[in-house]
Amino acid sequence: MQAQPAPLPDLKTLGRMSARFVRTPLAVDTSRLSAADKNALVQLVAAARLIDELFLKQYWSGNTATLSKLRRDTTPLGKARLHYFWLNKGPWSALDGNRAFLPDVPAVKVPGANFYPEDMKKEEFEAWSKTLSPQRKELAEGFFSAIHRDGNSFKAVPFNAEYSADLHKLAALLDNAAALTENPTLKKFLTSRARAFLSNDYYESDVAWMDLDAPLDITIGPYETYNDEIFGYKASYEAYINIRDDAETDKVKFFSSHMQEIENNLPIDAKYKNPKLGALSPIRVVNQVIAAGDGAHGVQTAAYNLPNDERVTVKKGTKRVMLRNVQEAKFNSILVPISKRMLQGDAVNDLSFEAFFTHILAHEMTHGIGPHSITVEGRQTTPRQELKELFSAIEEAKADICGLYMLQYMYDRKLLPEAEKKLYTSYLASSFRTLRFGLHEAHGKGMAVQFNYLLGKGALVANADGTFAVNVEKMKGGVRNLAHDLLTIEATGVYGAASRMLDTLGHLGPDVNAALEKLADLPTDIEPVNTTADKLK
Ligand code: ZN
């Protein structure tokens with residue numbers, strides 16, 4: 001059954017593979033930082049660069065040796081390989097099913113990364129872990145340990161021992177930055193995180209991260225578990241060194257103060273409305289100076305929700321951080337070229353990053369409104385429980401559509417300067433970017449539902465030349481009606497209604513597929529150039 005391994009990409013092919021990531025500078029204005037914070041930033045950027053090295057070790061056991069071999073290879077092919085290696089932080093191409101692009105490496109990504117012995121079987125680990133005391137089992141199955149063979153058995157080595165030298169250096173850099181900054185919440189996060197690197201106990205510093213409110217907005221530590229494809233237990237180190245965006249943060253506050261009003265005016269039956277919304281999870285808008293480690297390989301992160309540790313989220317909830325300049329870079333390098341092919345002539349002039357980003361904010365805010373706690377046949381339940389695996393696609397479509405609805409509501413009442421045409425045109429353009437990633441996950445499926453629904457209502461129009469357009473007047477009614485349908489499915493929790501909607505609308509017609517094919521040669525993502533970070537020395 002084993003297919004013949006694909007030949008390794010030559011110089012030309014590798015050039016094409018790299019070109020899917022457009023080099024885009026990420027410049028950030030640091031002029032409003034205090035002198036103390038500017039000095040702290042230098043330490044934190046140095047810490048981020050160390051996180052890259054630490055992550056390489058976690059991602060694959062052969063990474064460090066492979067990297068030094070590539071660095072010695074000064075041929076054009078060697079240089080191209082080194083460049084693509086850095087984009088992927090390893091020898092496997094993220095956009096090609098994690099297939100190897102280098103010789104003498106495993107043909108695809110090692111499922112357990114370097115968290116487990118490469119030859120370990122899942123059942124072997126499970127059999128061993130059953131024999132452990134509760135405390136040792138917690139370490140073995142926890143976020144913060146690596147598993148090694150130990151004679152005929154295994155042992156779990158905590159990260160603070162596994163990566164001791166790197167973590168000591170990181171702790172020192174964080175302590176330096178903490179001593180420099182004058183912001184008490186940042187000081188607290190950095191000192192507690194430095195201690196966590198040495199003690200392997202991240203709880204207190206995760207709590208401090210939730211309370212962080214500072215011009216330097218820092219995320220650094222072991223977080224996501226996607227690289228552990230065996231169990232999803234083990235956390236990879238990443239860093240995001242950001243500067244808070246005060247104007248956008250004010251916009252979030254302004255939206256927050258209107259969310260109850262939006263809830264009261266949602267287009268659903270009054271009995272489904274929540275007269276008293278609870279606190280919504282906090283959203284921070286920042287500009288990224290540098291991302292590193294797990295936060296900077298393959299497709300670049302544009303937003304993240306943390307922490308993942310349930311002991312912390314039960315107590316403090318989670319926080320969403322949105323990387324505005326990363327979104328803007330993707331908008332300019334990906335969305336604009338897509339639009340030039342998908343929109344007719346002048347419509348490209350209605351594209352607006354401002355409108356696009358405001359809609360992303362509105363999307364995030366409207367996740368927090370609409371039905372959350374519902375009653376089905378006398379049972380207290382949630383839309384997620386009732387709609388099961390269909391929930392995510394419905395909920396993502398709901399957030400997109402209710403985000404449009406909310407902004408239109410605010411335009412109509414002069415709460416925001418009117419920008420209808422820009423909003424709907426940017427929304428149409430971004431729908432192509434989402435659909436291009438495929439319908440296998442919730443965002444793509446939810447996007448197909450919206451696209452087909454609005455096309456059916458004449459709110460989106462397929463032109464004869466293969467381009468698309470918006471009809472602003474019909475958009476308003478289409479958005480309101482679709483919001484009504486999606487919210488009602490969530491409020492009533494009827495699984496059959498969700499599945500009917502996804503079956504009828506969650507597919508792409510031949511028009512749209514043909515249009516998407518025209519985009520095949522356009523880049524997929526950006527390769528950030530850290531212009532601000534590179535200037536700090
Ligand atoms: Zn969402």
# chains A, B, ... in the order shown; residues from 1 in each chain; ligands from 1

call {"tool": "residues_around", "arguments": {"residues": "region 190-192 of chain A", "least_positions_apart": "3", "cutoff": "10 Å", "atoms": "only C-alpha atoms", "output": "short mmCIF file (atom, residue, chain, number, x, y, z; two decimals) with N, CA, C and O atoms, in the first residue's frame"}}
result
data_model
loop_
_atom_site.label_atom_id
_atom_site.label_comp_id
_atom_site.auth_asym_id
_atom_site.auth_seq_id
_atom_site.Cartn_x
_atom_site.Cartn_y
_atom_site.Cartn_z
N LEU A 44 13.45 40.84 25.67
CA LEU A 44 12.36 39.93 25.31
C LEU A 44 12.51 39.39 23.89
O LEU A 44 12.16 38.24 23.61
N ALA A 171 15.02 32.24 31.65
CA ALA A 171 14.61 32.82 32.94
C ALA A 171 15.42 34.09 33.21
O ALA A 171 14.87 35.11 33.66
N ALA A 172 16.72 34.04 32.90
CA ALA A 172 17.57 35.22 33.15
C ALA A 172 17.11 36.40 32.29
O ALA A 172 17.03 37.54 32.77
N LEU A 173 16.78 36.14 31.02
CA LEU A 173 16.33 37.23 30.14
C LEU A 173 15.00 37.82 30.63
O LEU A 173 14.79 39.04 30.61
N LEU A 174 14.09 36.96 31.06
CA LEU A 174 12.81 37.45 31.57
C LEU A 174 13.00 38.25 32.85
O LEU A 174 12.35 39.28 33.05
N ASP A 175 13.90 37.78 33.72
CA ASP A 175 14.20 38.54 34.95
C ASP A 175 14.80 39.90 34.61
O ASP A 175 14.44 40.90 35.23
N ASN A 176 15.70 39.94 33.63
CA ASN A 176 16.26 41.23 33.20
C ASN A 176 15.15 42.17 32.76
O ASN A 176 15.11 43.34 33.14
N ALA A 177 14.26 41.67 31.90
CA ALA A 177 13.16 42.51 31.39
C ALA A 177 12.26 42.96 32.53
O ALA A 177 11.81 44.11 32.55
N ALA A 178 12.00 42.06 33.48
CA ALA A 178 11.14 42.40 34.62
C ALA A 178 11.76 43.51 35.45
O ALA A 178 11.06 44.40 35.94
N ALA A 179 13.09 43.46 35.60
CA ALA A 179 13.76 44.50 36.38
C ALA A 179 13.70 45.85 35.67
O ALA A 179 13.69 46.90 36.30
N THR A 181 11.19 46.96 33.23
CA THR A 181 9.88 47.57 32.99
C THR A 181 9.31 48.16 34.28
O THR A 181 9.59 47.67 35.38
N PRO A 184 3.63 47.11 36.62
CA PRO A 184 3.58 46.05 37.63
C PRO A 184 3.01 44.73 37.11
O PRO A 184 3.46 43.67 37.54
N THR A 185 2.02 44.78 36.19
CA THR A 185 1.44 43.51 35.73
C THR A 185 2.43 42.76 34.84
O THR A 185 2.48 41.53 34.86
N LEU A 186 3.23 43.50 34.08
CA LEU A 186 4.25 42.84 33.25
C LEU A 186 5.37 42.29 34.12
O LEU A 186 5.84 41.16 33.92
N LYS A 187 5.78 43.08 35.10
CA LYS A 187 6.80 42.63 36.05
C LYS A 187 6.37 41.30 36.68
O LYS A 187 7.13 40.35 36.75
N ARG A 195 10.27 32.02 37.02
CA ARG A 195 10.27 30.97 38.05
C ARG A 195 9.68 29.68 37.50
O ARG A 195 10.16 28.59 37.78
N ALA A 196 8.61 29.81 36.69
CA ALA A 196 7.96 28.61 36.13
C ALA A 196 8.92 27.84 35.22
O ALA A 196 8.94 26.61 35.23
N PHE A 197 9.74 28.57 34.45
CA PHE A 197 10.71 27.88 33.59
C PHE A 197 11.62 26.98 34.44
O PHE A 197 12.02 25.91 33.99
N ASP A 201 6.29 24.57 37.15
CA ASP A 201 4.92 24.80 37.60
C ASP A 201 4.45 26.13 36.99
O ASP A 201 4.86 27.21 37.43
N TYR A 202 3.56 26.04 36.01
CA TYR A 202 3.20 27.22 35.23
C TYR A 202 1.92 27.92 35.71
O TYR A 202 1.51 28.93 35.16
N TYR A 203 1.27 27.34 36.71
CA TYR A 203 -0.05 27.82 37.11
C TYR A 203 -0.08 29.32 37.45
O TYR A 203 -0.82 30.09 36.85
N GLU A 204 0.76 29.70 38.40
CA GLU A 204 0.73 31.09 38.88
C GLU A 204 1.03 32.08 37.74
O GLU A 204 0.41 33.14 37.64
N SER A 205 1.96 31.71 36.87
CA SER A 205 2.32 32.63 35.79
C SER A 205 1.23 32.68 34.71
O SER A 205 1.06 33.70 34.05
N ASP A 206 0.47 31.59 34.54
CA ASP A 206 -0.69 31.65 33.63
C ASP A 206 -1.75 32.60 34.17
O ASP A 206 -2.39 33.34 33.41
N VAL A 207 -1.94 32.56 35.49
CA VAL A 207 -2.89 33.49 36.12
C VAL A 207 -2.39 34.93 35.92
O VAL A 207 -3.15 35.82 35.55
N ALA A 208 -1.09 35.15 36.12
CA ALA A 208 -0.51 36.50 35.94
C ALA A 208 -0.66 36.96 34.49
O ALA A 208 -0.87 38.15 34.22
N TRP A 209 -0.61 36.02 33.54
CA TRP A 209 -0.77 36.38 32.12
C TRP A 209 -2.19 36.88 31.86
O TRP A 209 -2.41 37.81 31.08
N LEU A 212 -2.34 40.42 32.82
CA LEU A 212 -1.37 41.30 32.16
C LEU A 212 -2.09 42.43 31.41
O LEU A 212 -2.98 42.17 30.60
N ILE A 218 3.13 40.40 26.25
CA ILE A 218 4.05 39.28 26.02
C ILE A 218 3.36 37.94 26.28
O ILE A 218 2.66 37.79 27.28
N THR A 219 3.57 37.01 25.38
CA THR A 219 3.15 35.63 25.60
C THR A 219 4.39 34.79 25.37
O THR A 219 4.99 34.86 24.30
N ILE A 220 4.80 34.04 26.36
CA ILE A 220 6.00 33.20 26.18
C ILE A 220 5.90 31.99 27.11
O ILE A 220 5.60 32.15 28.28
#

call {"tool": "select_by_dssp", "arguments": {"residues": "region 357-437 of chain A", "states": "alpha helix (DSSP H)", "output": "PyMOL selection string"}}
result
chain A and resi 357-367+383-387+391-412+420-436

call {"tool": "residues_around", "arguments": {"residues": "Gly293 (chain A)", "least_positions_apart": "2", "cutoff": "7 Å", "atoms": "only C-alpha atoms", "output": "JSON, numbers by chain"}}
result
{"A": [51, 52, 55, 237, 238, 239, 295, 296]}

call {"tool": "write_last_selection", "arguments": {"atoms": "N, CA, C and O atoms", "output": "PDB file, in the first residue's frame"}}
result
ATOM      1  N   ILE A  51      13.661  30.918  22.158  1.00  0.00           N
ATOM      2  CA  ILE A  51      12.489  30.032  22.051  1.00  0.00           C
ATOM      3  C   ILE A  51      12.531  29.287  20.717  1.00  0.00           C
ATOM      4  O   ILE A  51      12.177  28.102  20.647  1.00  0.00           O
ATOM      5  N   ASP A  52      12.992  29.964  19.653  1.00  0.00           N
ATOM      6  CA  ASP A  52      13.146  29.280  18.361  1.00  0.00           C
ATOM      7  C   ASP A  52      14.044  28.049  18.500  1.00  0.00           C
ATOM      8  O   ASP A  52      13.730  26.967  18.009  1.00  0.00           O
ATOM      9  N   PHE A  55      12.354  25.345  20.586  1.00  0.00           N
ATOM     10  CA  PHE A  55      11.277  24.676  19.840  1.00  0.00           C
ATOM     11  C   PHE A  55      11.844  23.688  18.807  1.00  0.00           C
ATOM     12  O   PHE A  55      11.295  22.605  18.611  1.00  0.00           O
ATOM     13  N   TYR A 237       6.932  25.099  23.027  1.00  0.00           N
ATOM     14  CA  TYR A 237       7.273  26.472  23.428  1.00  0.00           C
ATOM     15  C   TYR A 237       7.034  27.436  22.271  1.00  0.00           C
ATOM     16  O   TYR A 237       7.357  27.146  21.118  1.00  0.00           O
ATOM     17  N   GLU A 238       6.473  28.592  22.611  1.00  0.00           N
ATOM     18  CA  GLU A 238       6.280  29.647  21.619  1.00  0.00           C
ATOM     19  C   GLU A 238       6.415  30.994  22.312  1.00  0.00           C
ATOM     20  O   GLU A 238       6.340  31.079  23.536  1.00  0.00           O
ATOM     21  N   ALA A 239       6.634  32.028  21.504  1.00  0.00           N
ATOM     22  CA  ALA A 239       6.700  33.383  22.056  1.00  0.00           C
ATOM     23  C   ALA A 239       6.055  34.352  21.077  1.00  0.00           C
ATOM     24  O   ALA A 239       6.202  34.206  19.858  1.00  0.00           O
ATOM     25  N   GLY A 295       4.884  29.332  17.567  1.00  0.00           N
ATOM     26  CA  GLY A 295       4.063  30.429  17.057  1.00  0.00           C
ATOM     27  C   GLY A 295       4.530  30.955  15.717  1.00  0.00           C
ATOM     28  O   GLY A 295       3.961  31.926  15.207  1.00  0.00           O
ATOM     29  N   ALA A 296       5.553  30.347  15.131  1.00  0.00           N
ATOM     30  CA  ALA A 296       6.102  30.900  13.887  1.00  0.00           C
ATOM     31  C   ALA A 296       6.623  29.809  12.964  1.00  0.00           C
ATOM     32  O   ALA A 296       7.786  29.797  12.595  1.00  0.00           O
TER      33      ALA A 296
END

call {"tool": "residues_around", "arguments": {"residues": "region 333-343 of chain A", "least_positions_apart": "4", "cutoff": "8 Å", "atoms": "only C-alpha atoms", "output": "ChimeraX atom specification"}}
result
/A:22,24,329,347-348,351,429-430,432-433,466-469,515,518-519,522-526

call {"tool": "closest_residue", "arguments": {"among": "A:Asn452, A:Asn463, A:Gln43, A:Thr366", "to": "ligand 1", "atoms": "only C-alpha atoms and all ligand atoms"}}
result
A:Thr366

call {"tool": "residues_around", "arguments": {"residues": "Thr30 (chain A)", "least_positions_apart": "6", "cutoff": "9 Å", "atoms": "only C-alpha atoms", "output": "MDAnalysis selection string"}}
result
chainID A and resid 38 243 532

call {"tool": "residues_near_ligand", "arguments": {"ligand": "ligand 1", "cutoff": "10 Å", "atoms": "only C-alpha atoms and all ligand atoms", "output": "ChimeraX atom specification"}}
result
/A:360-367,392-393,395-400,442-443

call {"tool": "select_by_dssp", "arguments": {"residues": "region 248-396 of chain A", "states": "strand (DSSP E)", "output": "list in words"}}
result
Ile283, Arg284, Val285, Val286, Asn287, Gln288, Val289, Ile290, Ala291, Ala292, Gly293, Ala303, Tyr304, Asn305, Leu306, Lys319, Arg320, Val321, Met322, Leu323, Ile374, Thr375, Val376, Arg379, Gln380 and Thr381 of chain A

call {"tool": "residues_around", "arguments": {"residues": "region 159-161 of chain A", "least_positions_apart": "5", "cutoff": "10 Å", "atoms": "only C-alpha atoms", "output": "number ranges by chain"}}
result
A: 143-146, 166-168, 196-201, 222, 235

call {"tool": "write_last_selection", "arguments": {"atoms": "C-alpha atoms", "output": "PDB file, in the first residue's frame"}}
result
ATOM      1  CA  PHE A 143       1.769  19.206  29.236  1.00  0.00           C
ATOM      2  CA  PHE A 144       5.282  19.714  30.558  1.00  0.00           C
ATOM      3  CA  SER A 145       7.332  16.511  30.265  1.00  0.00           C
ATOM      4  CA  ALA A 146       9.186  14.504  27.623  1.00  0.00           C
ATOM      5  CA  ASP A 166      17.855  26.827  27.632  1.00  0.00           C
ATOM      6  CA  LEU A 167      15.314  27.486  30.363  1.00  0.00           C
ATOM      7  CA  HIS A 168      17.956  28.960  32.680  1.00  0.00           C
ATOM      8  CA  ALA A 196       7.963  28.613  36.130  1.00  0.00           C
ATOM      9  CA  PHE A 197      10.709  27.882  33.588  1.00  0.00           C
ATOM     10  CA  LEU A 198      12.853  26.653  36.494  1.00  0.00           C
ATOM     11  CA  SER A 199      10.183  24.922  38.632  1.00  0.00           C
ATOM     12  CA  ASN A 200       8.014  23.442  35.813  1.00  0.00           C
ATOM     13  CA  ASP A 201       4.918  24.799  37.600  1.00  0.00           C
ATOM     14  CA  PRO A 222       4.849  26.080  26.525  1.00  0.00           C
ATOM     15  CA  ALA A 235       3.060  21.556  24.964  1.00  0.00           C
TER      16      ALA A 235
END

call {"tool": "closest_residue", "arguments": {"among": "A:Trp86, A:Tyr409, A:Phe451, A:Phe125", "to": "Leu266 (chain A)", "atoms": "only C-alpha atoms"}}
result
A:Tyr409

call {"tool": "atom_distance", "arguments": {"atom1": "CA of Ser426 (chain A)", "atom2": "CA of Asn349 (chain A)"}}
result
10.1 Å

call {"tool": "residues_around", "arguments": {"residues": "Gln450 (chain A)", "least_positions_apart": "2", "cutoff": "12 Å", "atoms": "only C-alpha atoms", "output": "ChimeraX atom specification"}}
result
/A:393-402,404,427-428,431-432,434-435,443-448,452-457,459-460,475,478-483,485-486,501-502,504-508

call {"tool": "closest_atom_pairs", "arguments": {"of": "region 45-146 of chain A", "to": "region 300-320 of chain A", "cutoff": "12 Å", "atoms": "only C-alpha atoms", "output": "CSV"}}
result
residue,atom,partner,partner_atom,distance
A:Leu87,CA,A:Gln300,CA,9.7
A:Asn88,CA,A:Gln300,CA,10.4
A:Ala94,CA,A:Gln300,CA,11.1
A:Leu95,CA,A:Gln300,CA,11.7
A:Gly142,CA,A:Asp309,CA,10.1
A:Phe143,CA,A:Asp309,CA,8.7
A:Phe144,CA,A:Asp309,CA,11.1

call {"tool": "closest_residue", "arguments": {"among": "A:Pro9, A:Gly403, A:Gly78, A:Gly298", "to": "Asn98 (chain A)", "atoms": "only C-alpha atoms"}}
result
A:Gly298

call {"tool": "closest_residue", "arguments": {"among": "A:Leu407, A:Leu423, A:Val376, A:Leu439", "to": "Val472 (chain A)", "atoms": "only C-alpha atoms"}}
result
A:Leu423
